[in-house]
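Here is the structure we will look at.
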Amino acid sequence: MEDKERKFPELLQKETTRRGFLRGTAVAASSAVALATIGSLAPKSAQAQAKPPEPKKDPMKFLFAERQNCTGCRACEYACSVYHTGVVRPSVSRIHVLKYKDSIDVPVICWHCNDRPCIAACPTTPKAIQADPQSNGIILDEKICLGAKCLKCKEACPAQYVWVNPDTGQPLMCDMCGGDPECVKACFAQSGNPQGPCLMANKLGFGVNMAFREVTPEQAGADLLDLTFYPNVGGKRLTPVKTAKTKKARR
Amino acid sequence: MTTPKGGCFGKILEIDLSKQTYKTREVPDEIFQKAIGGNGLGAYFATTEYKAHKDPLAEDAFIFIGPGPLNGTYCVSTRMSISHMSPYTGLISHAETGAHFGNEIKWAGWDGIYIKGRSKKPVWLSIVDDKVQFKDAAKLWGKTTEETHEMILKEMKDPYARTAVIGPAGENQVPYSCVIVERFRAAARSGTGMLMGNKKLKGLAIRGTKAVPVVDNAKFMDVANYAKKLAVEKEAWQGIKRWGTAGLLEQNNFFTGSLITKNYQTTWYPDIVKIGGEEAGRKFWKRHVACNHCPIHCLKLGVIREGKYKGLIAEGPEYESGGLLGSNLGMTNLNTELAMIEACDAYGIDNISTGGVLGFATELVEKGILKPADLDGLKPKWDDGETYMELIRKIALKEGKAGKLLAKGVKKMAAQIGKGAEAYAIHVKGKELAAHDPRGDKARAFSYCLGSCGGDHHEGASTRALVIFAMINSLSLCSFASALIWGGENAKITVGMLNPLCGWNMTESDYWDTGKRILTMERVFNVREGISRKDDGLPKRMTTEKLPAGPKKGAIFTAEDTKKMQDEFYGFVGWDDKGVPTEATLKALGLEYLIDDVAAARKEYKL
């Protein structure tokens with residue numbers, strides 16, 4: 001038994017650095033538990049003083065969308081624009097829901113690629129967009145960004161994710177809300193009966209994001225349409241209605 | 001005249017189809033405080049701009065597409081309302097629908113779209129923020145709603161644009177034709193499709209990029225978050241999330257005893273298990289679809305997996321569509337029923353009225369009053385889906401004798417056929433009833449009889465609910481995510497959101513007054529057209545035939561029930577015993593401009 005227990009963390013240590021933060025969480029959590037136990041034994045006044053520090057929430061590193069769970073309610077767009085601008089304004093949201101052929105809702109998100117083609121394409125020095133090492137979010141420096149005349153980042157994005165702010169002409173980049181994305185919280189808050197949440201954070205990544213990003217929203221919609229509505233293929237409009245005669249308009 | 005500070009822009013997009021021009025109509029804050037928006041604003045325009053006996057299809061007749069102040073904000077599930085004088089009933093009418101179109105109007109910077117005039121050739125409107133374009137719709141004319149929707153989206157070159165279109169039924173002036181919004185949602189029941197067809201307006205597409213201004217954001221978000229939380233958590237409404245309204249099909253058959261069956265002959269239909277929510281969940285549904293910011297996702301999409309219509313992506317059954325085109329026609333085949341629902345949507349005719357008309361015709365054939373010769377040789381009988389499909393097509397295209405007859409609607413059909421057909425005609429004020437039989441569900445009679453637009457199920461099922469629904473139809477909220485979930489807190493939550501949003505000082509008693517004001521405006525409009533207490537009753541079948549079976553066996557809607565209901569409501573809103581708003585009420589509600597109209601109507605109709 002003991003051997004097995006010892007082996008498991010060792011295995012983790014050998015893993016890539018990207019998995020390192022997982023281990024960090026475990027350590028932080030266990031120490032928090034230890035502190036709490038001590039706290040309960042101490043006298044009350046001391047207990048208030050020696051309140052265990054809240055286990056620090058690990059910044060999230062990836063966003064993931066479980067596409068077939070999306071109901072198209074756009075709570076994510078609402079939460080995103082409220083966080084970034086204070087009011088609801090989907091046109092400046094960093095996440096979007098595409099209605100594909102009226103039958104499928106496709107969440108369009110930033111996959112936070114490992115190689116970040118958007119940043120590579122940014123022509124300015126220093127770069128107007130940079131990845132935050134803590135949250136893995138992309139931070140835009142509005143003072144440096146060239147805006148509408150450039151948008152090289154938009155062209156470079158393989159997922160066709162990048163939207164442009166209609167006011168400034170600058171790209172809208174997902175900054176992961178500093179590590180705790182609002183869209184994920186909003187999606188989770190209203191999911192559950194019977195559909196699970198669509199958006200998640202930190203669940204995936206590890207290279208899967210690199211595969212997901214190669215799929216454009218339209219392609220994702222087309223695939224999901226076939227997957228969902230089999231035996232319908234290609235979202236073909238198999239209308240029950242024979243093509244209506246074009247009648248001359250009468251007054 | 002003050003410009004609104006928040007919630008509203010004070011700007012309505014006024015479109016003149018005759019001249020193909022558009023302009024901004026400034027609306028002061030006071031009007032929004034008085035009439036809120038949506039249906040209330042529509043009633044305000046109708047009572048201020050129309051004289052009595054207006055021709056609903058006149059060139060200057062208007063269609064008002066109105067979101068409310070809460071649309072486009074953090075408020076849970078906001079919708080839109082289309083109001084106008086109905087060419088079907090000749091009364092004021094409003095049609096509500098979900099989806100994202102209403103919010104997009106607000107994000108484009110408008111408080112509503114007011115359409116008047118009549119185009120010489122078919123057009124559709126493209127609205128992107130302030131930019132309005134009149135586009136040629138020659139190619140779209142005659143196309144189904146789904147084809148039109150797709151072609152418009154293609155031409156918009158923006159997959160995020162939202163559409164509202166009419167189908168062939170609207171073009172052919174079927175009086176119960178509707179507007180289909182974003183392919184699967186309908187703004188129906190009041191003949192909006194006919195009016196748009198008359199104006200040669202095939203559809204609208206809209207996209208907005210702005211935000212709705214909020215006066216006190218922190219306070220507003222507090223209440224909006226609380227309201228949302230109720231919508232997410234309230235125990236009683238979890239069923240709607242799971243089964244949509246289709247779950248009510250079984251509930252109202254086995255428990256409430258109000259599921260209409262075979263043209264309202266009974267409310268007992270055990271075969272409902274073959275076409276109800278459970279069956280749909282097992283054999284048909286694939287996805288849940290939500291409106292704006294809504295945790296309830298009551299719309300269910302599915303695909304037909306076998307039979308003649310295999311592969312058809314369809315929406316439903318909902319309670320009303322599944323009732324009217326299901327149990328009301330004695331259907332036992334879910335797939336055919338769903339194809340019928342889809343056919344109605346594709347042609348752009350109202351599911352509910354179509355179901356009512358088909359049920360009526362079937363019973364008349366059964367009773368021998370109507371002969372197959374009157375219906376182009378077709379002989380509809382219960383559960384005969386293919387004949388119903390053919391009749392739906394004929395109605396939408398007004399084809400042949402059958403199409404022309406059935407497209408008139410139940411009331412005019414009964415008048416034309418005669419021979420005692422009147423006894424089987426189920427309508428209130430010329431509009432077919434929805435799928436709740438008022439003998440089994442007595443509260444529903446409030447909505448059917450006392451609501452402003454005739455046999456409508458969506459106007460509140462009690463005295464107070466009528467006022468609440470007048471408010472939610474004006475705010476363009478969803479009854480599932482707001483009115484019915486907020487329950488007793490309706491006034492508190494609504495006022496709590498509106499005040500910080502718009503910078504108003506509304507009190508809870510103002511909430512009730514505003515609701516009463518909207519109802520009274522609509523009522524005065526109808527009184528001018530000759531409506532009074534005598535019209536606020538149920539069809540003969542409900543008051544003379546006892547329910548033959550089911551949980552409410554023997555139930556009947558008596559004359560006393562009707563009187564009690566009317567007295568209670570008239571007293572609450574301040575109308576007299578003839579159902580006409582009194583002068584004191586008009587003054588108290590700030591509707592002095594209608595006093596002369598009411599006096600003239602009293603004289604004209606001897607009230």
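For the structure tokens, the naming scheme is as follows: chains receive sequential letters (A, B, ...) according to their order of presentation, residues are indexed from 1 within each chain, and ligands are indexed from 1 in presentation order.
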(Q) I'd like the contact shell of Pro270 in chain B - 12 Å cut-off, only C-alpha atoms, skipping same-chain residues fewer than 6 positions apart - returned as a list in words. (A)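 Near Pro270 in chain B, the qualifying residues are Leu249, Glu250, Gln251, Asn252, Asn253, Phe254, Phe255, Gly257, Leu259, Ile260, Thr261, Gly276, Ser327, Gly330, Met331, Thr332, Ala549, Gly550 and Pro551 of chain B.
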Please dump the current selection as an mmCIF file, in the first residue's frame; keep C-alpha atoms.
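Okay, this is what ended up in selection-v5.cif:
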data_model
loop_
_atom_site.group_PDB
_atom_site.id
_atom_site.type_symbol
_atom_site.label_atom_id
_atom_site.label_comp_id
_atom_site.auth_asym_id
_atom_site.auth_seq_id
_atom_site.Cartn_x
_atom_site.Cartn_y
_atom_site.Cartn_z
ATOM 1 C CA LEU B 249 -50.144 17.508 -22.118
ATOM 2 C CA GLU B 250 -50.073 14.555 -19.755
ATOM 3 C CA GLN B 251 -50.619 16.685 -16.674
ATOM 4 C CA ASN B 252 -53.724 18.385 -18.020
ATOM 5 C CA ASN B 253 -55.180 15.083 -19.204
ATOM 6 C CA PHE B 254 -54.586 12.928 -16.152
ATOM 7 C CA PHE B 255 -54.599 15.532 -13.414
ATOM 8 C CA GLY B 257 -58.743 17.620 -16.697
ATOM 9 C CA LEU B 259 -56.703 18.900 -22.200
ATOM 10 C CA ILE B 260 -58.919 19.756 -25.151
ATOM 11 C CA THR B 261 -59.958 16.760 -27.201
ATOM 12 C CA GLY B 276 -47.156 13.587 -25.155
ATOM 13 C CA SER B 327 -55.409 15.728 -29.020
ATOM 14 C CA GLY B 330 -57.468 12.922 -32.146
ATOM 15 C CA MET B 331 -53.926 12.320 -33.382
ATOM 16 C CA THR B 332 -52.082 9.194 -32.298
ATOM 17 C CA ALA B 549 -65.165 11.926 -18.813
ATOM 18 C CA GLY B 550 -61.820 12.501 -17.158
ATOM 19 C CA PRO B 551 -60.735 13.868 -13.790
#
(Q) Select, as a ChimeraX atom specification, those residues of chain A with any atom no more than 8 Å from chain B (distances computed using only C-alpha atoms). (A) /A:71-75,78,86-92,98-103,166,189-191,193-194,228-233,235,237-241,243-247,249,251
Q: If you run DSSP over the backbone, which residues in range 251-288 of chain B end up alpha helix (DSSP H)? Put them as a ChimeraX atom specification.
A: /B:251,272-275,277-283
Q.
Write out as a list in words the set of residues from range 259-409 of chain B that DSSP, computed on the backbone, places in strand (DSSP E or B).
A. Leu259, Thr261, Thr266, Trp285, Lys286, Arg287, His288, Val289, Leu299, Lys300, Leu301, Gly302, Val303, Ile313, Ala314, Glu315 and Ile349 of chain B
Would you save the residues of that selection, restricted to N, CA and C atoms, as a short mmCIF file (atom, residue, chain, number, x, y, z; two decimals), in the first residue's frame?
data_model
loop_
_atom_site.label_atom_id
_atom_site.label_comp_id
_atom_site.auth_asym_id
_atom_site.auth_seq_id
_atom_site.Cartn_x
_atom_site.Cartn_y
_atom_site.Cartn_z
N LEU B 259 -57.30 19.09 -20.87
CA LEU B 259 -56.70 18.90 -22.20
C LEU B 259 -57.82 18.80 -23.24
N THR B 261 -59.95 17.98 -26.40
CA THR B 261 -59.96 16.76 -27.20
C THR B 261 -61.07 16.83 -28.24
N THR B 266 -64.42 16.78 -25.14
CA THR B 266 -64.12 16.22 -23.83
C THR B 266 -62.72 16.65 -23.42
N TRP B 285 -36.99 14.19 -29.26
CA TRP B 285 -36.19 15.33 -28.87
C TRP B 285 -34.70 15.05 -28.92
N LYS B 286 -33.96 16.10 -29.29
CA LYS B 286 -32.51 16.02 -29.33
C LYS B 286 -31.85 17.15 -28.55
N ARG B 287 -32.49 18.29 -28.54
CA ARG B 287 -31.82 19.45 -27.95
C ARG B 287 -32.79 20.31 -27.15
N HIS B 288 -32.24 21.03 -26.19
CA HIS B 288 -32.98 22.08 -25.50
C HIS B 288 -32.47 23.41 -26.04
N VAL B 289 -33.37 24.32 -26.32
CA VAL B 289 -32.95 25.62 -26.84
C VAL B 289 -33.55 26.72 -25.98
N LEU B 299 -37.83 25.37 -25.32
CA LEU B 299 -38.00 24.92 -26.70
C LEU B 299 -37.20 23.64 -26.93
N LYS B 300 -37.87 22.63 -27.48
CA LYS B 300 -37.19 21.36 -27.73
C LYS B 300 -37.13 21.09 -29.22
N LEU B 301 -35.94 20.84 -29.70
CA LEU B 301 -35.76 20.49 -31.10
C LEU B 301 -35.53 19.00 -31.21
N GLY B 302 -36.01 18.44 -32.29
CA GLY B 302 -35.78 17.02 -32.49
C GLY B 302 -35.77 16.68 -33.96
N VAL B 303 -35.60 15.41 -34.24
CA VAL B 303 -35.61 14.97 -35.62
C VAL B 303 -36.52 13.75 -35.73
N ILE B 313 -36.13 17.97 -39.32
CA ILE B 313 -35.83 18.63 -38.05
C ILE B 313 -37.04 19.47 -37.68
N ALA B 314 -37.58 19.25 -36.49
CA ALA B 314 -38.80 19.95 -36.14
C ALA B 314 -38.76 20.41 -34.69
N GLU B 315 -39.68 21.31 -34.37
CA GLU B 315 -39.77 21.88 -33.04
C GLU B 315 -41.10 21.48 -32.44
N ILE B 349 -48.63 30.00 -40.59
CA ILE B 349 -49.97 30.15 -40.00
C ILE B 349 -49.95 29.73 -38.55
#
Q: Write out as a list of chain:residue names the residues lying within 8 Å of Leu204 in chain B, counting only C-alpha atoms and excluding same-chain residues fewer than 6 positions away.
A: B:Trp124, B:Leu125, B:Ser126, B:Ile127, B:Thr163, B:Ala164, B:Val165
Q | For range 485-498 of chain B: contacts at 8 Å, only C-alpha atoms, fewer than 5 positions along chain excluded, given as an MDAnalysis selection string | A | chainID B and resid 7 69:70 220 223:224 227 230:231 234 237 468 479:480 503:504 506:508 511:512
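For the pair CA of Gly234 in chain A and CA of Ala211 in chain A, the separation is 22.6 Å.
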Q: Find the spatial neighbours of Gly554 in chain B, counting only C-alpha atoms, within a cut-off of 10 Å - ignore same-chain residues fewer than 6 positions away - and output them as a PyMOL selection string.
A: chain B and resi 439-440+545-548
Q) To one decimal place, how far is CA of Lys367 in chain B from CA of Gly385 in chain B in Å? A) 19.6 Å
